[in-house]
$ cat coords-v4.cif   # mmCIF, C-alpha atoms
data_my_file
loop_
_atom_site.group_PDB
_atom_site.id
_atom_site.type_symbol
_atom_site.label_atom_id
_atom_site.label_comp_id
_atom_site.auth_asym_id
_atom_site.auth_seq_id
_atom_site.Cartn_x
_atom_site.Cartn_y
_atom_site.Cartn_z
ATOM 1 C CA VAL E 1 109.268 98.558 115.105
ATOM 2 C CA ASN E 2 112.132 98.697 117.571
ATOM 3 C CA GLY E 3 112.530 95.443 119.495
ATOM 4 C CA SER E 4 110.803 93.201 116.944
ATOM 5 C CA THR E 5 112.474 90.655 114.681
ATOM 6 C CA CYS E 6 110.935 90.050 111.269
ATOM 7 C CA THR E 7 112.112 87.574 108.655
ATOM 8 C CA GLY E 8 110.947 87.614 105.049
ATOM 9 C CA THR E 9 111.907 88.375 101.452
ATOM 10 C CA GLU E 10 108.569 89.630 100.163
ATOM 11 C CA ASP E 11 108.119 92.680 97.953
ATOM 12 C CA VAL E 12 105.635 95.038 99.577
ATOM 13 C CA ILE E 13 103.921 97.827 97.661
ATOM 14 C CA PHE E 14 101.998 100.356 99.723
ATOM 15 C CA LEU E 15 98.949 101.923 98.088
ATOM 16 C CA LEU E 16 98.153 104.972 100.191
ATOM 17 C CA ASP E 17 94.869 106.849 99.978
ATOM 18 C CA GLY E 18 95.963 110.278 98.815
ATOM 19 C CA SER E 19 92.457 111.606 98.222
ATOM 20 C CA ALA E 20 91.374 114.908 99.707
ATOM 21 C CA ALA E 21 89.397 113.245 102.522
ATOM 22 C CA ALA E 22 92.167 110.915 103.770
ATOM 23 C CA ASP E 23 94.733 111.429 106.539
ATOM 24 C CA PHE E 24 97.883 111.119 104.431
ATOM 25 C CA SER E 25 100.269 111.885 107.286
ATOM 26 C CA SER E 26 99.051 108.928 109.382
ATOM 27 C CA GLN E 27 99.423 106.575 106.422
ATOM 28 C CA LEU E 28 102.980 107.706 105.772
ATOM 29 C CA ALA E 29 103.807 107.161 109.453
ATOM 30 C CA LEU E 30 102.393 103.623 109.347
ATOM 31 C CA ALA E 31 104.394 102.786 106.221
ATOM 32 C CA ARG E 32 107.608 104.056 107.837
ATOM 33 C CA GLY E 33 106.861 102.017 110.962
ATOM 34 C CA ILE E 34 106.338 98.836 108.952
ATOM 35 C CA ILE E 35 109.573 99.368 107.039
ATOM 36 C CA ASN E 36 111.456 100.119 110.250
ATOM 37 C CA GLY E 37 110.383 96.788 111.734
ATOM 38 C CA SER E 38 110.833 94.683 108.610
ATOM 39 C CA SER E 39 113.521 92.277 107.477
ATOM 40 C CA PRO E 40 116.464 93.903 105.621
ATOM 41 C CA ASP E 41 115.746 91.483 102.762
ATOM 42 C CA MET E 42 112.275 92.914 102.161
ATOM 43 C CA HIS E 43 111.857 95.460 99.365
ATOM 44 C CA PHE E 44 109.248 98.216 99.481
ATOM 45 C CA ALA E 45 107.579 100.629 97.092
ATOM 46 C CA ALA E 46 104.808 103.156 97.611
ATOM 47 C CA ILE E 47 102.100 104.668 95.443
ATOM 48 C CA ALA E 48 99.636 107.368 96.451
ATOM 49 C CA TYR E 49 96.251 107.201 94.754
ATOM 50 C CA GLY E 50 93.753 109.991 94.260
ATOM 51 C CA SER E 51 92.535 111.592 91.059
ATOM 52 C CA GLN E 52 95.809 110.256 89.588
ATOM 53 C CA PRO E 53 98.280 107.686 90.967
ATOM 54 C CA LYS E 54 101.698 108.939 92.004
ATOM 55 C CA VAL E 55 104.788 106.793 92.641
ATOM 56 C CA LEU E 56 106.349 107.864 95.930
ATOM 57 C CA ALA E 57 109.095 105.213 95.953
ATOM 58 C CA SER E 58 110.149 102.480 93.530
ATOM 59 C CA LEU E 59 110.972 99.021 94.881
ATOM 60 C CA THR E 60 114.109 99.091 97.008
ATOM 61 C CA ASN E 61 115.453 97.814 100.322
ATOM 62 C CA LYS E 62 117.421 101.031 100.920
ATOM 63 C CA ARG E 63 115.849 102.284 104.145
ATOM 64 C CA ASP E 64 117.205 105.833 104.011
ATOM 65 C CA ARG E 65 115.764 106.319 100.543
ATOM 66 C CA LEU E 66 112.389 104.916 101.577
ATOM 67 C CA PHE E 67 112.134 107.034 104.729
ATOM 68 C CA ALA E 68 112.936 110.183 102.746
ATOM 69 C CA SER E 69 110.336 109.331 100.102
ATOM 70 C CA LEU E 70 107.672 108.630 102.717
ATOM 71 C CA SER E 71 107.999 111.910 104.569
ATOM 72 C CA LYS E 72 106.593 114.366 102.025
ATOM 73 C CA LEU E 73 103.052 115.516 102.726
ATOM 74 C CA GLU E 74 103.098 117.564 99.535
ATOM 75 C CA ASP E 75 103.033 114.297 97.540
ATOM 76 C CA GLN E 76 99.352 113.759 98.408
ATOM 77 C CA PRO E 77 97.551 113.731 95.012
ATOM 78 C CA GLY E 78 94.155 114.935 96.253
ATOM 79 C CA GLY E 79 90.886 114.494 94.421
ATOM 80 C CA ASP E 80 88.717 111.372 94.523
ATOM 81 C CA PRO E 81 90.134 107.963 95.602
ATOM 82 C CA LYS E 82 90.531 106.194 92.242
ATOM 83 C CA LEU E 83 92.183 102.933 93.271
ATOM 84 C CA ALA E 84 92.212 100.860 90.059
ATOM 85 C CA PRO E 85 94.942 102.845 88.211
ATOM 86 C CA SER E 86 97.297 102.466 91.179
ATOM 87 C CA LEU E 87 96.736 98.687 91.209
ATOM 88 C CA VAL E 88 97.809 98.576 87.558
ATOM 89 C CA LEU E 89 100.830 100.738 88.324
ATOM 90 C CA ALA E 90 101.803 98.543 91.291
ATOM 91 C CA SER E 91 101.842 95.459 89.087
ATOM 92 C CA LYS E 92 104.088 97.240 86.591
ATOM 93 C CA LEU E 93 106.496 98.273 89.360
ATOM 94 C CA VAL E 94 106.911 94.645 90.388
ATOM 95 C CA GLU E 95 107.386 93.446 86.818
ATOM 96 C CA ALA E 96 109.993 96.123 86.109
ATOM 97 C CA THR E 97 112.199 95.271 89.081
ATOM 98 C CA GLY E 98 115.196 92.984 88.696
ATOM 99 C CA TYR E 99 117.432 92.244 91.673
ATOM 100 C CA GLY E 100 120.148 90.111 90.130
ATOM 101 C CA ASP E 101 120.198 87.841 93.169
ATOM 102 C CA GLY E 102 118.653 84.842 91.452
ATOM 103 C CA ARG E 103 115.711 84.659 93.847
ATOM 104 C CA ILE E 104 111.995 84.770 93.131
ATOM 105 C CA HIS E 105 110.324 87.427 95.264
ATOM 106 C CA ASP E 106 106.681 87.112 96.246
ATOM 107 C CA SER E 107 104.774 90.386 96.218
ATOM 108 C CA ARG E 108 102.073 91.804 98.464
ATOM 109 C CA LEU E 109 100.041 94.953 97.906
ATOM 110 C CA VAL E 110 99.066 96.777 101.091
ATOM 111 C CA VAL E 111 96.063 98.988 100.341
ATOM 112 C CA LEU E 112 94.993 101.622 102.876
ATOM 113 C CA SER E 113 91.438 102.766 102.314
ATOM 114 C CA ASP E 114 88.211 103.971 103.899
ATOM 115 C CA GLY E 115 86.577 101.185 101.888
ATOM 116 C CA ALA E 116 84.898 103.163 99.150
ATOM 117 C CA PRO E 117 87.134 103.912 96.154
ATOM 118 C CA SER E 118 85.403 106.051 93.560
ATOM 119 C CA ASP E 119 85.924 103.324 90.932
ATOM 120 C CA ILE E 120 84.690 100.184 92.701
ATOM 121 C CA LEU E 121 83.837 98.231 89.536
ATOM 122 C CA ALA E 122 87.230 98.880 87.938
ATOM 123 C CA THR E 123 88.950 98.136 91.263
ATOM 124 C CA SER E 124 87.170 94.790 91.519
ATOM 125 C CA GLN E 125 88.296 93.865 88.015
ATOM 126 C CA GLU E 126 91.916 94.805 88.718
ATOM 127 C CA VAL E 127 91.932 92.838 91.985
ATOM 128 C CA LYS E 128 90.794 89.742 90.093
ATOM 129 C CA GLU E 129 93.546 90.292 87.511
ATOM 130 C CA LEU E 130 96.210 90.718 90.183
ATOM 131 C CA ARG E 131 95.155 87.545 91.943
ATOM 132 C CA SER E 132 95.266 85.644 88.648
ATOM 133 C CA GLU E 133 98.912 86.796 88.386
ATOM 134 C CA GLY E 134 99.667 85.432 91.845
ATOM 135 C CA ARG E 135 99.715 88.790 93.623
ATOM 136 C CA SER E 136 98.423 88.969 97.191
ATOM 137 C CA LEU E 137 96.553 91.891 98.760
ATOM 138 C CA LEU E 138 96.239 93.109 102.326
ATOM 139 C CA VAL E 139 93.712 95.885 102.938
ATOM 140 C CA GLY E 140 93.925 98.220 105.899
ATOM 141 C CA LEU E 141 90.339 99.410 106.263
ATOM 142 C CA VAL E 142 89.586 102.578 108.189
ATOM 143 C CA GLY E 143 85.987 102.290 109.344
ATOM 144 C CA ALA E 144 84.456 98.927 110.224
ATOM 145 C CA SER E 145 81.078 99.911 108.785
ATOM 146 C CA MET E 146 82.558 99.684 105.273
ATOM 147 C CA LYS E 147 83.649 96.060 105.556
ATOM 148 C CA ASP E 148 80.898 94.706 103.277
ATOM 149 C CA THR E 149 81.803 97.257 100.624
ATOM 150 C CA VAL E 150 85.472 96.273 100.776
ATOM 151 C CA CYS E 151 84.618 92.582 100.535
ATOM 152 C CA SER E 152 82.569 93.322 97.413
ATOM 153 C CA TRP E 153 85.753 94.322 95.550
ATOM 154 C CA LEU E 154 88.361 92.371 97.523
ATOM 155 C CA GLY E 155 86.569 89.122 96.768
ATOM 156 C CA LYS E 156 87.126 85.644 98.164
ATOM 157 C CA SER E 157 88.535 85.016 101.642
ATOM 158 C CA CYS E 158 88.044 88.690 102.454
ATOM 159 C CA ASP E 159 88.597 88.339 106.208
ATOM 160 C CA GLU E 160 91.998 86.741 105.634
ATOM 161 C CA HIS E 161 93.197 89.812 103.757
ATOM 162 C CA LEU E 162 91.743 92.547 105.946
ATOM 163 C CA GLU E 163 92.930 94.614 108.911
ATOM 164 C CA VAL E 164 90.263 96.934 110.322
ATOM 165 C CA MET E 165 90.905 100.193 112.182
ATOM 166 C CA ASN E 166 88.457 102.700 113.609
ATOM 167 C CA LYS E 167 90.094 105.909 112.390
ATOM 168 C CA TRP E 168 93.062 107.164 110.386
ATOM 169 C CA GLU E 169 94.804 108.530 113.470
ATOM 170 C CA GLU E 170 95.305 104.988 114.836
ATOM 171 C CA LEU E 171 97.527 103.916 111.942
ATOM 172 C CA PRO E 172 100.927 105.113 113.258
ATOM 173 C CA GLN E 173 100.456 102.883 116.331
ATOM 174 C CA LEU E 174 99.696 99.694 114.379
ATOM 175 C CA PRO E 175 102.740 98.600 112.327
ATOM 176 C CA LEU E 176 103.021 95.379 114.350
ATOM 177 C CA ARG E 177 99.603 94.218 113.156
ATOM 178 C CA PHE E 178 100.689 94.583 109.548
ATOM 179 C CA LEU E 179 104.127 93.074 110.144
ATOM 180 C CA ALA E 180 102.442 89.962 111.547
ATOM 181 C CA ALA E 181 100.810 89.482 108.140
ATOM 182 C CA LEU E 182 103.800 90.504 106.002
ATOM 183 C CA CYS E 183 106.692 88.713 107.710
ATOM 184 C CA SER E 184 107.431 85.011 107.294
ATOM 185 C CA SER E 185 107.976 84.989 111.045
ATOM 186 C CA LEU E 186 107.810 87.734 113.645
ATOM 187 C CA ALA E 187 109.139 87.880 117.187
ATOM 188 C CA ALA E 188 108.409 90.824 119.439
ATOM 189 C CA PRO E 189 108.622 91.592 123.165
ATOM 190 C CA ALA E 190 105.541 90.564 125.143
ATOM 191 C CA PRO E 191 104.374 94.151 125.875
ATOM 192 C CA MET E 192 104.356 94.921 122.141
ATOM 193 C CA LEU E 193 102.360 91.788 121.356
ATOM 194 C CA GLN E 194 99.898 92.559 124.144
ATOM 195 C CA ALA E 195 99.417 96.120 122.880
ATOM 196 C CA ALA E 196 98.747 94.841 119.364
ATOM 197 C CA ALA E 197 96.238 92.298 120.654
ATOM 198 C CA GLU E 198 94.433 94.974 122.692
ATOM 199 C CA ALA E 199 94.258 97.258 119.657
ATOM 200 C CA ALA E 200 92.771 94.450 117.562
ATOM 201 C CA ALA E 201 90.241 93.620 120.288
ATOM 202 C CA THR E 202 89.160 97.257 120.528
ATOM 203 C CA THR E 203 88.551 97.404 116.788
ATOM 204 C CA THR E 204 86.623 94.124 116.834
ATOM 205 C CA ALA E 205 84.400 95.375 119.635
ATOM 206 C CA ALA E 206 83.690 98.593 117.762
ATOM 207 C CA ALA E 207 82.689 96.642 114.670
ATOM 208 C CA ALA E 208 80.269 94.396 116.579
#
$ encode --input "coords-v4.cif" --output "structure tokens"
Amino acid sequence: VNGSTCTGTEDVIFLLDGSAAADFSSQLALARGIINGSSPDMHFAAIAYGSQPKVLASLTNKRDRLFASLSKLEDQPGGDPKLAPSLVLASKLVEATGYGDGRIHDSRLVVLSDGAPSDILATSQEVKELRSEGRSLLVGLVGASMKDTVCSWLGKSCDEHLEVMNKWEELPQLPLRFLAALCSSLAAPAPMLQAAAEAAATTTAAAA
């Protein structure tokens, strides 16, 4: 996000809903916006989930490569939103990455969803496994009415790991909300912070 300053070294893996019913274009735009506003030290990967998971980008901090990988609408898998296999794949992507810089990188999975994966039981089991490995999840939920369903598979401290939007089309305007959760520290001009706060308030009011 132009004008913001983010610090952090976290690995971030986007899990984008590539099912037939999802707005894939808006999710790609959000991911690009988050990367654009992130620290140069942060590495990103992306997986699209649908009937089968598809790796869009392996972990890297090369922005040009990431932007190119996150601009292809034809990469949308389609089918039903089977989330569990992409959670397994995300964990493998993290384990397979070596940087050679001697640092330990924390990892965060950013899951975009309408709240109802077609494999809720398997998703719940994989979330528990990921948390036991020290992985952290942040869920971008489209549709406040599905919050209880998300919390059923996201588990403990659900509200601390949840960003709620009203509709897919809002996502490209909301990278700052996600950066606030992903960056170790974030500074942004006052108008940007005010816009993010207003967007959050609008979503909260809609959910009430």
$ atom_distance --input "coords-v4.cif" --atom1 "atom CA of Glu163 of chain E" --atom2 "atom CA of Lys72 of chain E"
25.0 Å
$ axis_aligned_box --input "coords-v4.cif" --around "segment 175-178 of chain E" --padding-each-side "3 Å" --output "lines of an AutoDock Vina configuration file"
center_x = 101.3
center_y = 96.4
center_z = 111.9
size_x = 9.4
size_y = 10.4
size_z = 10.8
$ resolve_selection --input "coords-v4.cif" --expression "the PyMOL selection byres ((chain E and resi 149) around 12)" --output "list in words"
Ser113, Asp114, Gly115, Ala116, Pro117, Ser118, Ile120, Leu121, Thr123, Ser124, Leu141, Gly143, Ala144, Ser145, Met146, Lys147, Asp148, Val150, Cys151, Ser152, Trp153, Leu154, Gly155 and Cys158 of chain E
$ atom_distance --input "coords-v4.cif" --atom1 "atom CA of Val94 of chain E" --atom2 "atom CA of His43 of chain E"
10.3 Å
$ atom_distance --input "coords-v4.cif" --atom1 "atom CA of Arg131 of chain E" --atom2 "atom CA of Lys167 of chain E"
27.9 Å
$ resolve_selection --input "coords-v4.cif" --expression "the PyMOL selection byres ((chain E and resi 23) around 12)" --output "ChimeraX atom specification"
/E:16-22,24-30,48,73,76,78,112-114,142,167-172
$ residues_around --input "coords-v4.cif" --residues "segment 62-71 of chain E" --least-positions-apart "2" --cutoff "12 Å" --atoms "all atoms listed in the file" --output "mmCIF file with C-alpha atoms, in the coordinates of the input"
data_model
loop_
_atom_site.group_PDB
_atom_site.id
_atom_site.type_symbol
_atom_site.label_atom_id
_atom_site.label_comp_id
_atom_site.auth_asym_id
_atom_site.auth_seq_id
_atom_site.Cartn_x
_atom_site.Cartn_y
_atom_site.Cartn_z
ATOM 1 C CA ILE E 13 103.921 97.827 97.661
ATOM 2 C CA PHE E 14 101.998 100.356 99.723
ATOM 3 C CA LEU E 15 98.949 101.923 98.088
ATOM 4 C CA LEU E 16 98.153 104.972 100.191
ATOM 5 C CA PHE E 24 97.883 111.119 104.431
ATOM 6 C CA SER E 25 100.269 111.885 107.286
ATOM 7 C CA SER E 26 99.051 108.928 109.382
ATOM 8 C CA GLN E 27 99.423 106.575 106.422
ATOM 9 C CA LEU E 28 102.980 107.706 105.772
ATOM 10 C CA ALA E 29 103.807 107.161 109.453
ATOM 11 C CA LEU E 30 102.393 103.623 109.347
ATOM 12 C CA ALA E 31 104.394 102.786 106.221
ATOM 13 C CA ARG E 32 107.608 104.056 107.837
ATOM 14 C CA GLY E 33 106.861 102.017 110.962
ATOM 15 C CA ILE E 34 106.338 98.836 108.952
ATOM 16 C CA ILE E 35 109.573 99.368 107.039
ATOM 17 C CA ASN E 36 111.456 100.119 110.250
ATOM 18 C CA GLY E 37 110.383 96.788 111.734
ATOM 19 C CA SER E 38 110.833 94.683 108.610
ATOM 20 C CA SER E 39 113.521 92.277 107.477
ATOM 21 C CA PRO E 40 116.464 93.903 105.621
ATOM 22 C CA ASP E 41 115.746 91.483 102.762
ATOM 23 C CA MET E 42 112.275 92.914 102.161
ATOM 24 C CA HIS E 43 111.857 95.460 99.365
ATOM 25 C CA PHE E 44 109.248 98.216 99.481
ATOM 26 C CA ALA E 45 107.579 100.629 97.092
ATOM 27 C CA ALA E 46 104.808 103.156 97.611
ATOM 28 C CA ILE E 47 102.100 104.668 95.443
ATOM 29 C CA ALA E 48 99.636 107.368 96.451
ATOM 30 C CA LYS E 54 101.698 108.939 92.004
ATOM 31 C CA VAL E 55 104.788 106.793 92.641
ATOM 32 C CA LEU E 56 106.349 107.864 95.930
ATOM 33 C CA ALA E 57 109.095 105.213 95.953
ATOM 34 C CA SER E 58 110.149 102.480 93.530
ATOM 35 C CA LEU E 59 110.972 99.021 94.881
ATOM 36 C CA THR E 60 114.109 99.091 97.008
ATOM 37 C CA LEU E 73 103.052 115.516 102.726
ATOM 38 C CA GLU E 74 103.098 117.564 99.535
ATOM 39 C CA ASP E 75 103.033 114.297 97.540
ATOM 40 C CA GLN E 76 99.352 113.759 98.408
#
$ residues_around --input "coords-v4.cif" --residues "Ser132 of chain E" --least-positions-apart "6" --cutoff "12 Å" --atoms "all atoms listed in the file" --output "list in words"
Ser91, Gln125 and Glu126 of chain E
$ closest_residue --input "coords-v4.cif" --among "E:Gln173, E:Thr9, E:Gln52, E:Ser157" --to "Leu137 of chain E" --atoms "all atoms listed in the file"
E:Ser157
$ closest_residue --input "coords-v4.cif" --among "E:Ala96, E:Ala180, E:Gly8, E:Tyr49" --to "Asp80 of chain E" --atoms "all atoms listed in the file"
E:Tyr49
$ residues_near_point --input "coords-v4.cif" --point "(106.2, 91.3, 112.6)" --cutoff "8 Å" --atoms "only C-alpha atoms" --output "list of chain:residue names"
E:Ser4, E:Thr5, E:Cys6, E:Gly37, E:Ser38, E:Leu176, E:Arg177, E:Phe178, E:Leu179, E:Ala180, E:Ala181, E:Leu182, E:Cys183, E:Ser185, E:Leu186, E:Ala187, E:Ala188
$ closest_residue --input "coords-v4.cif" --among "E:Val127, E:Asp159, E:Asn61, E:Asp106" --to "Ser86 of chain E" --atoms "only C-alpha atoms"
E:Val127
$ decode --input "coords-v4.cif" --residues "segment 51-63 of chain E" --atoms "N, CA and C atoms" --output "mmCIF file, in the first residue's frame"
data_model
loop_
_atom_site.group_PDB
_atom_site.id
_atom_site.type_symbol
_atom_site.label_atom_id
_atom_site.label_comp_id
_atom_site.auth_asym_id
_atom_site.auth_seq_id
_atom_site.Cartn_x
_atom_site.Cartn_y
_atom_site.Cartn_z
ATOM 1 N N SER E 51 -11.567 -27.754 -6.242
ATOM 2 C CA SER E 51 -11.645 -29.213 -6.256
ATOM 3 C C SER E 51 -10.270 -29.830 -6.026
ATOM 4 N N GLN E 52 -9.213 -29.094 -6.441
ATOM 5 C CA GLN E 52 -7.825 -29.487 -6.193
ATOM 6 C C GLN E 52 -7.016 -28.235 -5.856
ATOM 7 N N PRO E 53 -6.031 -28.335 -4.958
ATOM 8 C CA PRO E 53 -5.197 -27.162 -4.677
ATOM 9 C C PRO E 53 -4.203 -26.912 -5.803
ATOM 10 N N LYS E 54 -3.876 -25.660 -6.020
ATOM 11 C CA LYS E 54 -2.931 -25.301 -7.070
ATOM 12 C C LYS E 54 -1.967 -24.243 -6.541
ATOM 13 N N VAL E 55 -0.671 -24.517 -6.613
ATOM 14 C CA VAL E 55 0.335 -23.542 -6.176
ATOM 15 C C VAL E 55 0.452 -22.448 -7.237
ATOM 16 N N LEU E 56 0.173 -21.216 -6.821
ATOM 17 C CA LEU E 56 0.307 -20.076 -7.722
ATOM 18 C C LEU E 56 1.709 -19.476 -7.642
ATOM 19 N N ALA E 57 2.287 -19.499 -6.434
ATOM 20 C CA ALA E 57 3.637 -18.948 -6.236
ATOM 21 C C ALA E 57 4.275 -19.626 -5.035
ATOM 22 N N SER E 58 5.512 -20.092 -5.199
ATOM 23 C CA SER E 58 6.272 -20.632 -4.075
ATOM 24 C C SER E 58 6.860 -19.480 -3.267
ATOM 25 N N LEU E 59 7.283 -19.769 -2.034
ATOM 26 C CA LEU E 59 7.757 -18.726 -1.138
ATOM 27 C C LEU E 59 8.947 -17.956 -1.729
ATOM 28 N N THR E 60 8.782 -16.658 -1.805
ATOM 29 C CA THR E 60 9.833 -15.784 -2.321
ATOM 30 C C THR E 60 9.569 -14.365 -1.849
ATOM 31 N N ASN E 61 10.605 -13.527 -1.842
ATOM 32 C CA ASN E 61 10.410 -12.101 -1.598
ATOM 33 C C ASN E 61 10.652 -11.285 -2.873
ATOM 34 N N LYS E 62 10.688 -11.966 -4.009
ATOM 35 C CA LYS E 62 10.858 -11.303 -5.305
ATOM 36 C C LYS E 62 9.511 -10.761 -5.772
ATOM 37 N N ARG E 63 9.328 -9.452 -5.637
ATOM 38 C CA ARG E 63 8.017 -8.848 -5.894
ATOM 39 C C ARG E 63 7.558 -9.014 -7.338
#
